[in-house]
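As stored in final-v8.csv (CSV, C-alpha atoms and all ligand atoms):
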```
chain,number,residue,atom,x,y,z
N,1,MET,CA,-15.9,-11.5,-20.6
N,2,LEU,CA,-16.7,-9.8,-23.9
N,3,ILE,CA,-15.0,-6.5,-24.5
N,4,ALA,CA,-15.8,-4.0,-27.3
N,5,GLN,CA,-13.0,-1.7,-28.5
N,6,ILE,CA,-13.4,1.6,-30.2
N,7,SER,CA,-10.7,4.0,-31.2
N,8,ASP,CA,-9.7,7.1,-33.1
N,9,THR,CA,-13.2,8.6,-33.5
N,10,HIS,CA,-11.7,12.1,-34.0
N,11,ILE,CA,-15.0,13.8,-33.2
N,12,LEU,CA,-15.4,17.4,-34.3
N,13,ALA,CA,-17.4,20.2,-32.8
N,14,PRO,CA,-21.0,20.7,-34.1
N,15,THR,CA,-19.9,24.1,-35.4
N,16,SER,CA,-17.0,22.6,-37.3
N,17,GLN,CA,-16.8,23.3,-41.1
N,18,HIS,CA,-14.7,20.1,-41.6
N,19,PRO,CA,-16.4,18.1,-44.3
N,20,ALA,CA,-16.3,14.9,-42.2
N,21,ALA,CA,-17.7,16.4,-39.0
N,22,ASP,CA,-21.1,14.8,-39.3
N,23,LEU,CA,-19.8,11.6,-40.9
N,24,ARG,CA,-17.5,11.0,-37.9
N,25,ALA,CA,-20.3,11.6,-35.4
N,26,ASP,CA,-22.6,9.2,-37.4
N,27,CYS,CA,-19.9,6.5,-37.4
N,28,LEU,CA,-19.7,6.7,-33.6
N,29,ARG,CA,-23.4,6.8,-33.1
N,30,ARG,CA,-23.8,3.7,-35.2
N,31,CYS,CA,-21.1,1.8,-33.4
N,32,VAL,CA,-22.7,2.7,-30.1
N,33,ALA,CA,-26.1,1.4,-31.3
N,34,ASP,CA,-24.4,-1.8,-32.6
N,35,ILE,CA,-22.4,-2.3,-29.3
N,36,ASN,CA,-25.7,-2.1,-27.4
N,37,GLN,CA,-27.1,-4.9,-29.5
N,38,GLN,CA,-24.0,-7.1,-29.0
N,39,GLN,CA,-24.1,-6.5,-25.2
N,40,PRO,CA,-20.4,-6.7,-24.2
N,41,ASP,CA,-19.4,-6.4,-20.6
N,42,ALA,CA,-17.4,-3.2,-21.2
N,43,VAL,CA,-16.1,-0.9,-23.9
N,44,ILE,CA,-12.4,0.1,-24.2
N,45,PHE,CA,-11.7,3.4,-26.0
N,46,THR,CA,-8.1,3.6,-27.1
N,47,GLY,CA,-7.8,7.4,-27.7
N,48,ASP,CA,-7.9,10.1,-30.3
N,49,THR,CA,-11.4,10.5,-29.1
N,50,VAL,CA,-11.7,14.1,-30.6
N,51,GLN,CA,-9.8,16.0,-33.2
N,52,HIS,CA,-8.4,19.1,-31.4
N,53,GLY,CA,-8.9,18.5,-27.7
N,54,GLU,CA,-11.6,21.2,-27.4
N,55,PRO,CA,-14.4,21.2,-24.8
N,56,GLU,CA,-17.1,21.5,-27.6
N,57,GLU,CA,-15.7,18.3,-29.2
N,58,TYR,CA,-15.8,16.5,-25.9
N,59,ALA,CA,-19.4,17.7,-25.2
N,60,ARG,CA,-20.4,16.2,-28.6
N,61,LEU,CA,-18.5,13.0,-27.8
N,62,ARG,CA,-20.3,12.5,-24.5
N,63,GLU,CA,-23.7,13.1,-26.2
N,64,LEU,CA,-22.8,10.4,-28.8
N,65,LEU,CA,-21.7,8.0,-26.0
N,66,ALA,CA,-24.7,8.7,-23.8
N,67,PRO,CA,-26.9,5.8,-25.2
N,68,LEU,CA,-24.2,3.3,-24.4
N,69,ASN,CA,-25.5,0.9,-21.8
N,70,VAL,CA,-22.2,-0.7,-20.6
N,71,PRO,CA,-19.2,0.9,-18.8
N,72,ILE,CA,-16.6,2.6,-21.0
N,73,TYR,CA,-12.9,2.9,-20.1
N,74,VAL,CA,-10.9,5.6,-22.0
N,75,VAL,CA,-7.2,6.4,-22.5
N,76,PRO,CA,-6.0,9.5,-24.2
N,77,GLY,CA,-4.5,9.7,-27.7
N,78,ASN,CA,-2.1,12.4,-29.0
N,79,ARG,CA,-5.1,14.3,-30.3
N,80,ASP,CA,-6.7,14.5,-26.8
N,81,ASP,CA,-6.2,17.2,-24.2
N,82,LYS,CA,-5.8,15.3,-21.0
N,83,GLY,CA,-7.4,18.1,-18.9
N,84,ALA,CA,-10.4,18.4,-21.1
N,85,LEU,CA,-10.7,14.7,-21.4
N,86,ARG,CA,-10.7,14.4,-17.6
N,87,ASN,CA,-13.4,17.1,-17.3
N,88,ALA,CA,-15.5,15.4,-19.9
N,89,PHE,CA,-15.3,12.0,-18.1
N,90,ALA,CA,-15.2,13.4,-14.6
N,91,ASP,CA,-18.3,11.3,-13.6
N,92,GLN,CA,-16.3,8.1,-14.2
N,93,ALA,CA,-15.2,6.7,-10.9
N,94,TYR,CA,-12.2,4.9,-12.3
N,95,LEU,CA,-10.4,8.0,-13.5
N,96,PRO,CA,-7.5,9.5,-11.6
N,97,GLY,CA,-8.5,13.0,-10.5
N,98,ASP,CA,-5.2,14.7,-11.2
N,99,GLY,CA,-1.6,14.0,-11.9
N,100,ASP,CA,0.4,13.9,-15.1
N,101,PHE,CA,-0.7,10.4,-16.1
N,102,PHE,CA,-4.0,9.2,-17.3
N,103,GLN,CA,-3.5,5.6,-16.1
N,104,TYR,CA,-5.5,3.2,-13.9
N,105,VAL,CA,-6.6,-0.4,-13.2
N,106,VAL,CA,-10.1,-1.8,-13.5
N,107,GLU,CA,-10.6,-4.6,-11.0
N,108,ASP,CA,-14.4,-5.2,-11.6
N,109,TYR,CA,-14.1,-8.2,-13.9
N,110,ASP,CA,-12.4,-11.6,-14.0
N,111,LEU,CA,-10.1,-10.1,-16.6
N,112,ARG,CA,-8.1,-7.3,-15.1
N,113,LEU,CA,-8.0,-4.2,-17.3
N,114,VAL,CA,-5.0,-1.9,-17.2
N,115,ALA,CA,-5.1,1.5,-19.0
N,116,ILE,CA,-1.7,2.9,-20.0
N,117,ASP,CA,-1.1,6.5,-20.9
N,118,SER,CA,1.3,6.9,-23.8
N,119,THR,CA,0.8,10.6,-24.3
N,120,SER,CA,2.5,13.8,-23.3
N,121,ALA,CA,1.3,17.3,-24.1
N,122,GLY,CA,2.6,18.6,-27.4
N,123,GLU,CA,4.1,15.2,-28.4
N,124,ARG,CA,2.6,13.3,-31.3
N,125,LYS,CA,4.7,10.2,-30.7
N,126,GLY,CA,4.3,7.7,-27.9
N,127,VAL,CA,5.8,8.2,-24.5
N,128,PHE,CA,6.6,5.6,-21.8
N,129,CYS,CA,8.8,7.3,-19.3
N,130,PRO,CA,10.6,5.7,-16.3
N,131,GLU,CA,7.7,6.7,-14.0
N,132,ARG,CA,5.2,4.9,-16.1
N,133,GLN,CA,7.5,1.9,-16.5
N,134,ALA,CA,7.7,1.6,-12.7
N,135,TRP,CA,4.0,2.0,-12.3
N,136,LEU,CA,3.1,-0.7,-14.8
N,137,ASP,CA,5.7,-3.1,-13.4
N,138,ALA,CA,4.2,-2.6,-9.9
N,139,VAL,CA,0.6,-3.0,-11.1
N,140,LEU,CA,1.5,-6.2,-12.9
N,141,SER,CA,3.6,-7.5,-10.0
N,142,ALA,CA,0.7,-7.0,-7.6
N,143,GLN,CA,-1.5,-9.7,-9.2
N,144,PRO,CA,0.7,-12.1,-11.2
N,145,ASP,CA,-1.9,-14.9,-11.5
N,146,ARG,CA,-4.8,-12.8,-12.8
N,147,PRO,CA,-5.4,-12.6,-16.6
N,148,THR,CA,-4.8,-9.0,-17.6
N,149,LEU,CA,-5.5,-7.0,-20.7
N,150,LEU,CA,-3.6,-3.8,-21.4
N,151,PHE,CA,-4.8,-0.9,-23.5
N,152,ILE,CA,-2.9,2.0,-24.8
N,153,HIS,CA,-3.1,4.5,-27.7
N,154,HIS,CA,0.4,4.2,-29.3
N,155,PRO,CA,1.5,0.7,-30.5
N,156,PRO,CA,5.0,0.1,-29.1
N,157,PHE,CA,6.1,-1.6,-32.3
N,158,ASP,CA,6.6,-0.7,-35.9
N,159,VAL,CA,3.9,-1.7,-38.4
N,160,GLY,CA,5.3,-0.4,-41.6
N,161,ASP,CA,7.1,2.4,-43.3
N,162,HIS,CA,4.5,4.9,-42.2
N,163,TYR,CA,5.1,4.2,-38.6
N,164,VAL,CA,8.9,3.7,-38.1
N,165,GLY,CA,9.8,5.4,-34.8
N,166,GLY,CA,6.3,5.6,-33.3
N,167,TYR,CA,7.7,6.5,-29.9
N,168,ARG,CA,9.7,9.6,-29.2
N,169,ARG,CA,12.6,7.3,-28.0
N,170,PRO,CA,13.0,3.8,-29.2
N,171,GLU,CA,14.2,2.7,-25.7
N,172,GLU,CA,10.8,3.7,-24.2
N,173,ALA,CA,9.0,1.3,-26.6
N,174,ALA,CA,11.6,-1.3,-25.7
N,175,ALA,CA,11.0,-0.7,-22.0
N,176,LEU,CA,7.3,-1.3,-22.4
N,177,ALA,CA,8.1,-4.6,-24.1
N,178,ASP,CA,10.6,-5.5,-21.4
N,179,VAL,CA,8.1,-4.8,-18.6
N,180,VAL,CA,5.3,-6.8,-20.3
N,181,SER,CA,7.6,-9.7,-21.2
N,182,ARG,CA,8.3,-10.3,-17.5
N,183,HIS,CA,4.6,-10.8,-16.6
N,184,SER,CA,3.1,-13.9,-18.2
N,185,GLN,CA,-0.5,-13.1,-17.1
N,186,VAL,CA,-0.7,-10.4,-19.8
N,187,ALA,CA,-3.3,-11.7,-22.3
N,188,GLY,CA,-2.9,-9.0,-24.8
N,189,LEU,CA,-2.3,-5.3,-25.7
N,190,LEU,CA,-4.9,-3.3,-27.4
N,191,CYS,CA,-3.9,-0.1,-29.4
N,192,GLY,CA,-5.1,2.5,-31.8
N,193,HIS,CA,-3.3,5.5,-33.4
N,194,VAL,CA,-2.3,4.1,-36.8
N,195,HIS,CA,-5.9,3.8,-38.1
N,196,TRP,CA,-5.5,0.4,-39.7
N,197,PRO,CA,-5.9,-3.1,-38.5
N,198,VAL,CA,-2.7,-5.0,-37.3
N,199,GLU,CA,-2.2,-8.1,-35.3
N,200,CYS,CA,1.2,-9.5,-34.1
N,201,ASN,CA,3.1,-11.3,-31.4
N,202,TRP,CA,4.8,-8.9,-29.1
N,203,ALA,CA,6.6,-9.2,-25.8
N,204,GLY,CA,5.4,-12.7,-25.2
N,205,THR,CA,1.8,-11.9,-25.7
N,206,SER,CA,-0.5,-10.8,-28.6
N,207,ALA,CA,-1.1,-7.2,-29.7
N,208,ARG,CA,-3.9,-5.7,-31.8
N,209,ILE,CA,-4.3,-2.4,-33.5
N,210,MET,CA,-7.9,-1.5,-34.5
N,211,PRO,CA,-8.8,0.6,-37.5
N,212,SER,CA,-10.2,4.1,-36.8
N,213,ILE,CA,-13.9,4.4,-36.3
N,214,ALA,CA,-13.7,7.6,-38.3
N,215,VAL,CA,-13.9,6.1,-41.8
N,216,ASP,CA,-12.5,9.2,-43.6
N,217,VAL,CA,-9.1,8.6,-41.9
N,218,ARG,CA,-9.3,4.8,-41.9
N,219,LYS,CA,-6.5,3.0,-43.7
N,220,GLY,CA,-5.8,-0.5,-44.9
N,221,ILE,CA,-9.5,-1.2,-45.7
N,222,ASP,CA,-10.4,0.0,-49.1
N,223,GLU,CA,-13.5,-2.0,-50.1
N,224,SER,CA,-15.3,0.9,-51.7
N,225,GLU,CA,-18.8,-0.3,-50.9
N,226,ALA,CA,-17.9,-0.7,-47.3
N,227,HIS,CA,-16.1,2.6,-46.9
N,228,GLU,CA,-18.9,4.2,-44.9
N,229,ARG,CA,-19.4,1.2,-42.6
N,230,PRO,CA,-17.5,1.7,-39.4
N,231,ILE,CA,-15.7,-1.2,-37.8
N,232,TYR,CA,-15.0,-1.9,-34.2
N,233,LEU,CA,-13.5,-4.9,-32.4
N,234,LEU,CA,-14.9,-7.5,-30.0
N,235,HIS,CA,-12.4,-9.3,-27.8
N,236,GLN,CA,-12.8,-12.4,-25.7
N,237,LEU,CA,-10.3,-14.4,-23.8
N,238,SER,CA,-10.3,-18.2,-24.5
N,239,GLU,CA,-8.4,-20.6,-22.2
N,240,GLU,CA,-7.5,-22.7,-25.3
N,241,THR,CA,-6.4,-20.0,-27.7
N,242,GLY,CA,-5.8,-16.8,-25.7
N,243,LEU,CA,-7.2,-13.5,-27.0
N,244,VAL,CA,-9.8,-14.0,-29.7
N,245,SER,CA,-10.7,-10.8,-31.6
N,246,GLN,CA,-13.3,-10.3,-34.3
N,247,ALA,CA,-13.9,-7.3,-36.4
N,248,ARG,CA,-17.5,-6.1,-36.3
N,249,MET,CA,-18.6,-4.2,-39.4
N,250,VAL,CA,-21.6,-2.1,-38.5
N,251,ASP,CA,-24.5,-3.0,-40.9
N,252,ALA,CA,-25.6,-0.2,-43.2
N,253,SER,CA,-29.1,-0.3,-41.6
N,254,VAL,CA,-27.8,0.6,-38.1
Y,1,FE,FE,-5.9,8.9,-34.6
```

Can the structure in the file be given as structure tokens, please?
Ligand SMILES: [Fe+2]
Amino acid sequence: MLIAQISDTHILAPTSQHPAADLRADCLRRCVADINQQQPDAVIFTGDTVQHGEPEEYARLRELLAPLNVPIYVVPGNRDDKGALRNAFADQAYLPGDGDFFQYVVEDYDLRLVAIDSTSAGERKGVFCPERQAWLDAVLSAQPDRPTLLFIHHPPFDVGDHYVGGYRRPEEAAALADVVSRHSQVAGLLCGHVHWPVECNWAGTSARIMPSIAVDVRKGIDESEAHERPIYLLHQLSEETGLVSQARMVDASV
């Protein structure tokens, strides 16, 4: 199974005066075109889909995603408004219709996909409260022998000085690691939020953070000639080596 990951597109409304409004839309448009050429089985979208959580931004987001010819699975970031995000993706059968948490399981593939909601209204930092801890533990306990990939907006580990304390309570990030470490079928955790690429071992599995699709807020990649080339990730699970991830830099001609 080949999975494309996109994240932190921070799309702005068509009427926005923000200088990067059109650039961000173009970055996503080009990623979608390139993903269609690569033909993955699915796309995972790890949040901060829009900048302010406004309906006009989500309408533009859906327009930009419309050409995508494979299923897309989204989780919210701290920039998203969960109600507006739900409305924008209401045609997606996998989404929970209501409730406080934007979390779900995709059972359509050999690789089980588990979407974890790390957001709470008005909170910039990650949240993983006891209800979510119990939900994830039950989900993972239900099918212990099936390879499973987790995706979430906030990475539950520190990646440098700029991100110390990425969760509102350190014990909530520790609880996520504790749950995952008890389930050896977890092949990896995919994250966004910090806008730069990171890979590490975490909780007995591997974790990836992808750079933001929005190149104007992307960090950690400063090749000046490549600055306007968006990057997304392609993931595949190998029996020999576990999760294999490659960065796909969208060609300037796309
Ligand atoms: Fe972001």

So that each row is one residue of region 108-168 of chain N with an atom at most 7 Å from region 42-55 of chain N, can you give its shortest atom pair and the distance in Å to one decimal, using all atoms listed in the file, rows by chain and rising number, as JSON lines?
```
{"residue": "N:Phe151", "atom": "CA", "partner": "N:Thr46", "partner_atom": "CA", "distance": 6.6}
{"residue": "N:Ile152", "atom": "CA", "partner": "N:Thr46", "partner_atom": "CA", "distance": 5.9}
{"residue": "N:His153", "atom": "CA", "partner": "N:Thr46", "partner_atom": "CA", "distance": 5.1}
```

Problem set entry | All residues having an atom within 10 Å of ligand FE 1 (chain Y) (all atoms listed in the file) as a list in words | Ser7, Asp8, Thr9, His10, Thr46, Gly47, Asp48, Thr49, Val50, Gln51, Gly77, Asn78, Arg79, Asp80, His153, His154, Gly192, His193, Val194, His195, Trp196, Pro211, Ser212, Ile213, Ala214, Val217 and Arg218 of chain N

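Going from CA of Asp137 (chain N) over to CA of Leu95 (chain N), you cover 19.6 Å.
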
Problem set entry | Best match for closeness to Ala4 (chain N) among N:Arg24, N:Ser141, N:Lys219, N:Met210, counting only C-alpha atoms |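 The shortest atom-to-atom distance to Ala4 (chain N) comes from N:Met210.
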
For this session: Enter the distance from CA of Leu61 (chain N) to CA of Arg29 (chain N), in Å, rounded to one decimal.
Result: 9.5 Å

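Residue nearest Ala33 (chain N), chosen from N:Pro230, N:Leu243, N:Gly204, N:Ala173 and counting all atoms listed in the file: N:Pro230.
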
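For the atom pair formed by CA of Pro67 (chain N) and CA of Val32 (chain N), the distance is 7.2 Å, given to one decimal.
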
For this session: Have a look at N:Asp91, N:Ser206, N:Arg86, N:Ala134 and name the one nearest to Thr241 (chain N); count only C-alpha atoms.
Result: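 When distances to Thr241 (chain N) are compared using only C-alpha atoms, the smallest one comes from N:Ser206.
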
Exercise. Any idea what's packed within 12 Å of Tyr109 (chain N), counting only C-alpha atoms, ignoring anything in its chain fewer than 4 positions away? Could you give it as a list in words?
Worked result: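 Non-adjacent residues within range: Met1, Leu2, Ile3, Asp41, Ala42, Pro71, Val105, Leu113, Val114, Arg146, Pro147, Thr148 and Leu149 of chain N.
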